[in-house]
Amino acid sequence: MPILTPLFVVFGIMLTGFVVQKSRILPIDTDNALNQYVYYIAFPAIMLIVLAETPIEQIANWGFIAGYGVAMAIIYLLTTLLSLWRDKSKLDLAAIRSLNTTFGNTSFIGIPLMMMLYPGDQLALAAAAIASLLSVSVFAIVLAQLALSQGQTQNAFKTVTLALLQNPIIIGSLIGVGISAAHIDLYTPISSIIRQFGMTSSPCALFAIGMVLCKANQQQGRNANHKSSTATELAMLNLFKLLLQPLVVYLLFKAFGVGNELLKMGVILAALPTAASVYLLSHRYQVNATVSAQNISLGIVLSFAVLPLLDHLL
């Protein structure tokens, strides 16, 4: 299957990061430096150049945006309701569980996967960029929920707004959309510099994910006696993320008349495993961090079966 080669490449780089962190070849905080570089420089650069070079008509594909966004909202609300039914009044726990089932790795894994599956296809990169923007919005909402539940803020709307406006990925994307809408052709040396920075985002991000997962698993082992997850919870989280979300995306795309090739891209992006950022957030607020680490690791393993299956069915 064509999808297997990019999958092995993507997860091979992640495995290399895991092994390097495990063997302590590099300084222990190398993952932090890589994540900061990707977050503030490389990833905003790839978002900017991809969107700037994509016709605004393709970016403003409202069927794709609505279908993907509504699907995320449905899964988010369903997970929240089930979580509150299981653990009443624990809003922060419900928020982290909902983020686990909606926030796929459409940026650090999705963009390199689309680049390898659809070489030279600007629409594939634009689809990954749009999915990433929608995911970042959900992340900002959960961040506000956690800060509100732990008394770190009194104004959730202000927290969400600031989180979005201060996000370099959002800023880079808005600049890119503005350039596309204004039909501006960037000066070639400038666009080349931005593109070169952007191209470093994939290997650096994947390598850093491997290092973060290594740390998460080590932390998980130390905390195993304090809190352990259940197989039922992990099964539910991965069922919702890897199967239910792409199914809902598929049905909504069909209803909204999204084209076949773009439909396939959206479904594959929706089926990507949970982003490592979810663990970082849950660890920061000390909410279900062990389960989040287990869920991300399990989701990556299951992706080797789920993604080729979806690719074949589509």
# chains A, B, ... in the order shown; residues from 1 in each chain; ligands from 1
call {"tool": "residues_around", "arguments": {"residues": "Thr102 (chain A)", "least_positions_apart": "5", "cutoff": "12 Å", "atoms": "only C-alpha atoms", "output": "PyMOL selection string"}}
result
chain A and resi 68-80+95-97+131-132+134-139+142+237-246+248-249+269-275+278
call {"tool": "write_last_selection", "arguments": {"atoms": "C-alpha atoms", "output": "tab-separated table (two decimals), in the first residue's frame"}}
result
chain	number	residue	atom	x	y	z
A	68	TYR	CA	-13.97	18.72	9.84
A	69	GLY	CA	-14.85	21.30	12.50
A	70	VAL	CA	-18.33	19.93	13.24
A	71	ALA	CA	-16.97	16.38	13.43
A	72	MET	CA	-14.45	17.50	16.05
A	73	ALA	CA	-17.21	19.26	18.00
A	74	ILE	CA	-19.42	16.15	17.95
A	75	ILE	CA	-16.64	13.86	19.20
A	76	TYR	CA	-15.58	16.43	21.79
A	77	LEU	CA	-19.10	16.77	23.23
A	78	LEU	CA	-19.72	13.02	23.18
A	79	THR	CA	-16.46	12.34	25.04
A	80	THR	CA	-17.23	15.08	27.56
A	95	ALA	CA	-11.56	18.27	29.00
A	96	ILE	CA	-8.33	16.24	28.77
A	97	ARG	CA	-10.20	13.12	27.70
A	131	ALA	CA	-7.08	20.69	10.04
A	132	SER	CA	-4.18	21.91	12.19
A	134	LEU	CA	-9.05	23.74	13.80
A	135	SER	CA	-7.12	21.47	16.20
A	136	VAL	CA	-5.22	24.43	17.66
A	137	SER	CA	-8.58	26.12	18.36
A	138	VAL	CA	-9.78	23.08	20.34
A	139	PHE	CA	-6.46	23.04	22.22
A	142	VAL	CA	-9.21	23.05	26.67
A	237	LEU	CA	-10.24	7.08	23.62
A	238	ASN	CA	-8.66	5.30	20.66
A	239	LEU	CA	-12.01	4.12	19.30
A	240	PHE	CA	-13.29	7.68	19.26
A	241	LYS	CA	-10.08	9.18	17.84
A	242	LEU	CA	-9.02	6.62	15.25
A	243	LEU	CA	-12.38	5.30	14.04
A	244	LEU	CA	-15.35	7.41	15.13
A	245	GLN	CA	-13.92	10.82	14.23
A	246	PRO	CA	-12.89	9.81	10.66
A	248	VAL	CA	-18.13	11.34	11.22
A	249	VAL	CA	-15.81	13.39	8.98
A	269	LEU	CA	-6.04	13.48	8.75
A	270	ALA	CA	-8.97	12.81	11.11
A	271	ALA	CA	-7.66	9.28	11.77
A	272	LEU	CA	-4.21	10.39	12.91
A	273	PRO	CA	-3.25	9.48	16.50
A	274	THR	CA	-3.46	11.97	19.37
A	275	ALA	CA	-0.81	14.69	19.34
A	278	VAL	CA	-1.95	16.58	24.80
call {"tool": "residues_around", "arguments": {"residues": "Ala255 (chain A)", "least_positions_apart": "2", "cutoff": "12 Å", "atoms": "only C-alpha atoms", "output": "CSV table (one decimal) with N, CA, C and O atoms, in the first residue's frame"}}
result
chain,number,residue,atom,x,y,z
A,63,GLY,N,-17.0,23.6,2.9
A,63,GLY,CA,-17.5,22.3,3.1
A,63,GLY,C,-16.5,21.5,3.9
A,63,GLY,O,-16.8,20.8,4.9
A,64,PHE,N,-15.2,21.6,3.5
A,64,PHE,CA,-14.1,20.9,4.3
A,64,PHE,C,-14.0,21.5,5.7
A,64,PHE,O,-14.0,20.7,6.7
A,66,ALA,N,-16.2,23.2,7.5
A,66,ALA,CA,-17.4,22.9,8.3
A,66,ALA,C,-17.5,21.4,8.7
A,66,ALA,O,-17.7,21.0,9.9
A,67,GLY,N,-17.2,20.5,7.7
A,67,GLY,CA,-17.3,19.1,8.0
A,67,GLY,C,-16.3,18.6,9.0
A,67,GLY,O,-16.6,17.9,10.0
A,68,TYR,N,-15.0,19.1,8.9
A,68,TYR,CA,-14.0,18.7,9.8
A,68,TYR,C,-14.2,19.3,11.2
A,68,TYR,O,-14.1,18.7,12.3
A,248,VAL,N,-17.3,10.2,11.2
A,248,VAL,CA,-18.1,11.3,11.2
A,248,VAL,C,-17.7,12.3,10.2
A,248,VAL,O,-18.5,13.0,9.5
A,249,VAL,N,-16.4,12.5,10.0
A,249,VAL,CA,-15.8,13.4,9.0
A,249,VAL,C,-16.3,12.9,7.6
A,249,VAL,O,-16.7,13.7,6.8
A,250,TYR,N,-16.2,11.6,7.4
A,250,TYR,CA,-16.6,11.1,6.1
A,250,TYR,C,-18.1,11.4,5.8
A,250,TYR,O,-18.4,11.8,4.7
A,251,LEU,N,-18.9,11.1,6.7
A,251,LEU,CA,-20.4,11.3,6.6
A,251,LEU,C,-20.7,12.8,6.3
A,251,LEU,O,-21.5,13.2,5.4
A,252,LEU,N,-20.0,13.7,7.1
A,252,LEU,CA,-20.3,15.1,6.9
A,252,LEU,C,-19.7,15.6,5.6
A,252,LEU,O,-20.3,16.5,4.9
A,253,PHE,N,-18.5,15.1,5.2
A,253,PHE,CA,-18.0,15.5,3.9
A,253,PHE,C,-18.9,15.1,2.7
A,253,PHE,O,-19.1,15.9,1.8
A,257,GLY,N,-20.8,17.7,0.2
A,257,GLY,CA,-20.3,17.7,-1.2
A,257,GLY,C,-18.8,17.9,-1.4
A,257,GLY,O,-18.4,18.5,-2.4
A,258,VAL,N,-18.0,17.5,-0.4
A,258,VAL,CA,-16.5,17.6,-0.5
A,258,VAL,C,-16.0,16.6,-1.6
A,258,VAL,O,-16.4,15.5,-1.6
A,259,GLY,N,-15.1,17.1,-2.4
A,259,GLY,CA,-14.6,16.2,-3.5
A,259,GLY,C,-13.9,15.0,-3.0
A,259,GLY,O,-13.4,14.9,-1.9
A,263,LEU,N,-11.8,14.6,0.2
A,263,LEU,CA,-12.5,13.8,1.2
A,263,LEU,C,-11.5,12.7,1.8
A,263,LEU,O,-11.4,12.6,3.0
call {"tool": "atom_distance", "arguments": {"atom1": "CA of Ile59 (chain A)", "atom2": "CA of Tyr118 (chain A)"}}
result
17.0 Å
call {"tool": "residues_around", "arguments": {"residues": "Ile169 (chain A)", "least_positions_apart": "2", "cutoff": "7 Å", "atoms": "only C-alpha atoms", "output": "PyMOL selection string"}}
result
chain A and resi 43-44+167+171-173
call {"tool": "closest_residue", "arguments": {"among": "A:Phe197, A:Asp87, A:Ala42, A:Leu213", "to": "Tyr279 (chain A)", "atoms": "only C-alpha atoms"}}
result
A:Leu213
call {"tool": "residues_around", "arguments": {"residues": "Pro55 (chain A)", "least_positions_apart": "6", "cutoff": "10 Å", "atoms": "only C-alpha atoms", "output": "number ranges by chain"}}
result
A: 122-123, 126, 177, 179-181, 183
call {"tool": "write_last_selection", "arguments": {"atoms": "C-alpha atoms", "output": "mmCIF file, in the first residue's frame"}}
result
data_model
loop_
_atom_site.group_PDB
_atom_site.id
_atom_site.type_symbol
_atom_site.label_atom_id
_atom_site.label_comp_id
_atom_site.auth_asym_id
_atom_site.auth_seq_id
_atom_site.Cartn_x
_atom_site.Cartn_y
_atom_site.Cartn_z
ATOM 1 C CA GLN A 122 -0.519 22.048 -2.626
ATOM 2 C CA LEU A 123 -4.129 21.096 -1.816
ATOM 3 C CA ALA A 126 -3.582 23.168 2.641
ATOM 4 C CA VAL A 177 -4.012 33.552 4.151
ATOM 5 C CA ILE A 179 -0.927 36.948 1.169
ATOM 6 C CA SER A 180 -3.065 34.441 -0.720
ATOM 7 C CA ALA A 181 -6.180 36.626 -0.531
ATOM 8 C CA HIS A 183 -2.736 37.617 -4.633
#
